[in-house]
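Visitor: Would you mind keeping the following structure in view while I ask a few things?
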Amino acid sequence: MARFAPYVAVAILGVLASTLLAPPRAARADLAGIARDTGARTLGAARGYASVALWLRAGDAYRRGDLYETTATYHLIRELQPRNPAVYSYLAWNEAYNLAGQFPEPERRMEWVARGFATLRQGQKALPGDAGLRLDEWHFVLNRSIGQPLGVLETELPAWGRTDPAWAAVVELARERHSALGESDRRRLRWFLDEIGLQPLIFEAPDKPVAERTPLEDMQAKALESLTPAVLELLGLCNWCRYHLMTLILSEAQRIAYRPLALDLALLNSYLWAHRYLVGGHAEFVPRYRQGVASAFKAGIDNALRYGGEPAGAAFAAHVRENFADVPELLPE
């Protein structure tokens, strides 16, 4: 029987491919779902073998640098394992980072970044109790906004605008400020985002004495100082908007009972950053941050107690208080 194993594997993958491929254009849209469901049932006990084969194929394609085959294979795996969060996580990462990085044009890069966010939201909808996919979205916002802050905010606006209309209004203000930029400012903004990027905590670099700056901080400070007030205002709006968005994402996730302590810490740090970089004229968010920090602090301690009892709870509280040393008034007594 061993000599027939390769043919069995080919047959399995043949059935899988024939049932998962898109139907003819004239077919009804719901036939695609029927075909996929039928294909998965047809595999029966061989479904596990097909999944393993596809995971191996995805890994091999990635090592070969064939990112499109990697993505296509993850799509097939998702049909076989729709309850596996790793599928959504790997697929979204490949779209938002690997494939996006293949294009020098910001617009083309943003198309793939948006696909990555959409994949994460699909996973969150399929697996509402998985905290890891929420953390993935948090990381995507933080990291992908370094080079394309407004693009990330616009991508996330439909998902979170109704949740927080006040935040959505500031995002709209940032869009207006970007539309009002002249051609020279647009070129300067593009240069800054391509060469420097809206790095986390970058706005602290100019506040440091020159003698105390690292070479990286000195470069960041000089780059910021070269920008016009209009570009700096836009970057300030985008910077705050992303941190506030990160609080929204993890505030939802903190309701998940089984979540890593890293999520609680990330949420509290997001509140800290959002408060630190709050743009002028929006002081109405400060009471919300105090309330949010108090709630997240208590929930984080409770989560730490579940993991490791009193020592873990005390260690969590001490770590957070150290992070908030500059603004202790945000923490409850």
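So you can find residues: chains in the structure tokens are A, B, ... in the order shown, residues in each start at 1, and ligands are numbered from 1 in order.
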Tell me which protein, DNA and RNA residues are within 8 Å of A:Glu137, counting only C-alpha atoms, leaving out same-chain ones fewer than 3 positions away, and put them as a CSV table (one decimal) with N, CA and C atoms, in the first residue's frame.

Guide:
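What ended up in selection.csv:
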chain,number,residue,atom,x,y,z
A,117,PHE,N,-6.3,43.2,7.3
A,117,PHE,CA,-7.2,43.6,8.3
A,117,PHE,C,-8.6,42.9,8.1
A,120,LEU,N,-8.4,39.4,9.4
A,120,LEU,CA,-8.5,39.3,10.8
A,120,LEU,C,-9.9,39.5,11.3
A,133,LEU,N,-6.5,37.0,18.0
A,133,LEU,CA,-6.8,37.7,16.8
A,133,LEU,C,-7.1,39.2,17.0
A,134,ARG,N,-7.5,39.5,18.3
A,134,ARG,CA,-7.6,40.9,18.7
A,134,ARG,C,-6.3,41.5,18.9
A,140,PHE,N,-1.2,45.1,14.2
A,140,PHE,CA,-1.3,45.6,12.8
A,140,PHE,C,-1.4,47.1,12.9
A,141,VAL,N,-2.3,47.6,13.7
A,141,VAL,CA,-2.5,49.1,13.8
A,141,VAL,C,-1.2,49.8,14.2
A,249,ILE,N,-9.8,48.5,20.3
A,249,ILE,CA,-9.7,47.1,19.9
A,249,ILE,C,-9.6,46.2,21.1

Visitor: As a list in words, please: the residues near A:Ala114 (cut-off 8 Å, only C-alpha atoms, same-chain neighbours under 2 positions excluded).

Guide: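 After dropping sequence-adjacent residues, the list is Ala96, Met110, Glu111, Trp112, Gly116, Phe117, Ala118, Val152 and Thr155 of chain A.
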
Visitor: Select, from A:Glu204, A:Glu252, A:Asp66, A:Glu225, the residue with the minimum atom-to-atom distance to A:Gly129, counting only C-alpha atoms.

Guide: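 Closest candidate: A:Glu252.
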
Visitor: Could you list, as number ranges by chain, every residue within 7 Å of stretch 69-74 of chain A, counting only C-alpha atoms and ignoring same-chain residues fewer than 4 positions away?

Guide: A: 54, 58, 61-62, 78, 87, 91, 94

Visitor: Set the distance at 12 Å and use only C-alpha atoms: which residues neighbour A:Arg190 once local chain neighbours fewer than 6 positions away are removed? I'd like the list as a PDB file with N, CA and C atoms, in the first residue's frame.

Guide:
ATOM      1  N   GLU A 105       4.653  51.204  -4.560  1.00  0.00           N
ATOM      2  CA  GLU A 105       3.615  52.229  -4.554  1.00  0.00           C
ATOM      3  C   GLU A 105       2.784  52.136  -3.270  1.00  0.00           C
ATOM      4  N   PRO A 106       2.638  53.234  -2.532  1.00  0.00           N
ATOM      5  CA  PRO A 106       1.863  53.206  -1.282  1.00  0.00           C
ATOM      6  C   PRO A 106       0.438  52.710  -1.475  1.00  0.00           C
ATOM      7  N   GLU A 107      -0.181  53.057  -2.587  1.00  0.00           N
ATOM      8  CA  GLU A 107      -1.566  52.644  -2.807  1.00  0.00           C
ATOM      9  C   GLU A 107      -1.678  51.136  -2.938  1.00  0.00           C
ATOM     10  N   ILE A 146       3.005  52.911  10.969  1.00  0.00           N
ATOM     11  CA  ILE A 146       4.306  53.584  10.933  1.00  0.00           C
ATOM     12  C   ILE A 146       4.551  54.186   9.553  1.00  0.00           C
ATOM     13  N   GLY A 147       4.239  53.446   8.512  1.00  0.00           N
ATOM     14  CA  GLY A 147       4.469  53.930   7.158  1.00  0.00           C
ATOM     15  C   GLY A 147       3.243  54.486   6.474  1.00  0.00           C
ATOM     16  N   GLN A 148       2.051  54.073   6.900  1.00  0.00           N
ATOM     17  CA  GLN A 148       0.816  54.532   6.254  1.00  0.00           C
ATOM     18  C   GLN A 148      -0.266  54.797   7.304  1.00  0.00           C
ATOM     19  N   PRO A 149      -0.055  55.796   8.146  1.00  0.00           N
ATOM     20  CA  PRO A 149      -0.986  56.006   9.251  1.00  0.00           C
ATOM     21  C   PRO A 149      -2.409  56.322   8.818  1.00  0.00           C
ATOM     22  N   LEU A 150      -2.556  57.231   7.877  1.00  0.00           N
ATOM     23  CA  LEU A 150      -3.908  57.605   7.464  1.00  0.00           C
ATOM     24  C   LEU A 150      -4.592  56.454   6.729  1.00  0.00           C
ATOM     25  N   HIS A 178      -5.239  66.258   5.407  1.00  0.00           N
ATOM     26  CA  HIS A 178      -4.426  65.667   4.340  1.00  0.00           C
ATOM     27  C   HIS A 178      -4.861  66.191   2.976  1.00  0.00           C
ATOM     28  N   LEU A 181      -3.390  69.626   2.111  1.00  0.00           N
ATOM     29  CA  LEU A 181      -1.942  69.798   1.926  1.00  0.00           C
ATOM     30  C   LEU A 181      -1.612  70.173   0.489  1.00  0.00           C
ATOM     31  N   GLU A 183       1.163  70.378  -2.750  1.00  0.00           N
ATOM     32  CA  GLU A 183       1.974  69.337  -3.366  1.00  0.00           C
ATOM     33  C   GLU A 183       3.317  69.190  -2.668  1.00  0.00           C
ATOM     34  N   SER A 184       3.920  70.310  -2.278  1.00  0.00           N
ATOM     35  CA  SER A 184       5.219  70.251  -1.597  1.00  0.00           C
ATOM     36  C   SER A 184       5.102  69.528  -0.260  1.00  0.00           C
ATOM     37  N   ILE A 196      11.559  57.682   7.511  1.00  0.00           N
ATOM     38  CA  ILE A 196      11.587  57.727   8.976  1.00  0.00           C
ATOM     39  C   ILE A 196      10.433  56.923   9.559  1.00  0.00           C
ATOM     40  N   GLY A 197       9.251  57.271   9.167  1.00  0.00           N
ATOM     41  CA  GLY A 197       8.054  56.575   9.644  1.00  0.00           C
ATOM     42  C   GLY A 197       7.546  57.158  10.957  1.00  0.00           C
ATOM     43  N   LEU A 198       6.250  56.993  11.166  1.00  0.00           N
ATOM     44  CA  LEU A 198       5.625  57.470  12.401  1.00  0.00           C
ATOM     45  C   LEU A 198       5.861  56.425  13.491  1.00  0.00           C
ATOM     46  N   LEU A 227       9.761  69.438   9.001  1.00  0.00           N
ATOM     47  CA  LEU A 227       8.406  69.421   8.463  1.00  0.00           C
ATOM     48  C   LEU A 227       7.686  70.737   8.736  1.00  0.00           C
ATOM     49  N   VAL A 231       2.032  69.628   8.131  1.00  0.00           N
ATOM     50  CA  VAL A 231       2.357  68.197   8.133  1.00  0.00           C
ATOM     51  C   VAL A 231       2.466  67.685   9.557  1.00  0.00           C
ATOM     52  N   LEU A 235       0.341  64.608  11.280  1.00  0.00           N
ATOM     53  CA  LEU A 235       0.984  63.477  11.930  1.00  0.00           C
ATOM     54  C   LEU A 235       0.549  63.352  13.387  1.00  0.00           C
TER      55      LEU A 235
END

Visitor: For A:Glu217, list every protein, DNA or RNA residue within 10 Å, evaluated using only C-alpha atoms, and leave out those in the same chain fewer than 3 positions away; present the list as a ChimeraX atom specification.

Guide: /A:202-206,208,210,212-214,220-223

Visitor: Please produce a file of the residues just selected, as a PDB file, in the first residue's frame, where the atoms kept are C-alpha atoms.

Guide:
ATOM      1  CA  ILE A 202       8.840  59.470  17.989  1.00  0.00           C
ATOM      2  CA  PHE A 203       7.446  62.785  19.234  1.00  0.00           C
ATOM      3  CA  GLU A 204       9.524  62.466  22.376  1.00  0.00           C
ATOM      4  CA  ALA A 205      12.806  62.767  20.451  1.00  0.00           C
ATOM      5  CA  PRO A 206      12.724  66.577  19.923  1.00  0.00           C
ATOM      6  CA  LYS A 208      15.357  65.519  24.646  1.00  0.00           C
ATOM      7  CA  VAL A 210      20.746  67.075  21.896  1.00  0.00           C
ATOM      8  CA  GLU A 212      21.210  63.009  25.500  1.00  0.00           C
ATOM      9  CA  ARG A 213      19.769  61.773  22.207  1.00  0.00           C
ATOM     10  CA  THR A 214      20.767  58.499  20.620  1.00  0.00           C
ATOM     11  CA  GLN A 220      14.060  61.491  14.147  1.00  0.00           C
ATOM     12  CA  ALA A 221      14.152  64.890  15.833  1.00  0.00           C
ATOM     13  CA  LYS A 222      15.818  66.556  12.843  1.00  0.00           C
ATOM     14  CA  ALA A 223      13.342  64.937  10.458  1.00  0.00           C
TER      15      ALA A 223
END

Visitor: Would you compute the distance between atom CA of A:Val286 and atom CA of A:Leu330? Give it in Å to one decimal.

Guide: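 Atom-to-atom, atom CA of A:Val286 and atom CA of A:Leu330 are spaced 9.1 Å apart.
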
Visitor: Quick one: DSSP alpha helix (DSSP H) residues in stretch 223-318 of chain A, as an NGL selection string?

Guide: :A and (223-225 or 229-253 or 261-276 or 285-318)

Visitor: One decimal, in Å: what's the spacing between atom CA of A:Pro215 and atom CA of A:Arg187?

Guide: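 Straight-line distance from atom CA of A:Pro215 to atom CA of A:Arg187 works out to 24.8 Å.
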
Visitor: Which residue gives the smallest distance to A:Arg144 among A:Trp93, A:Tyr277, A:Trp160, A:Trp167, with only C-alpha atoms counted?

Guide: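 Nearest candidate to A:Arg144 out of A:Trp93, A:Tyr277, A:Trp160, A:Trp167: A:Trp93.
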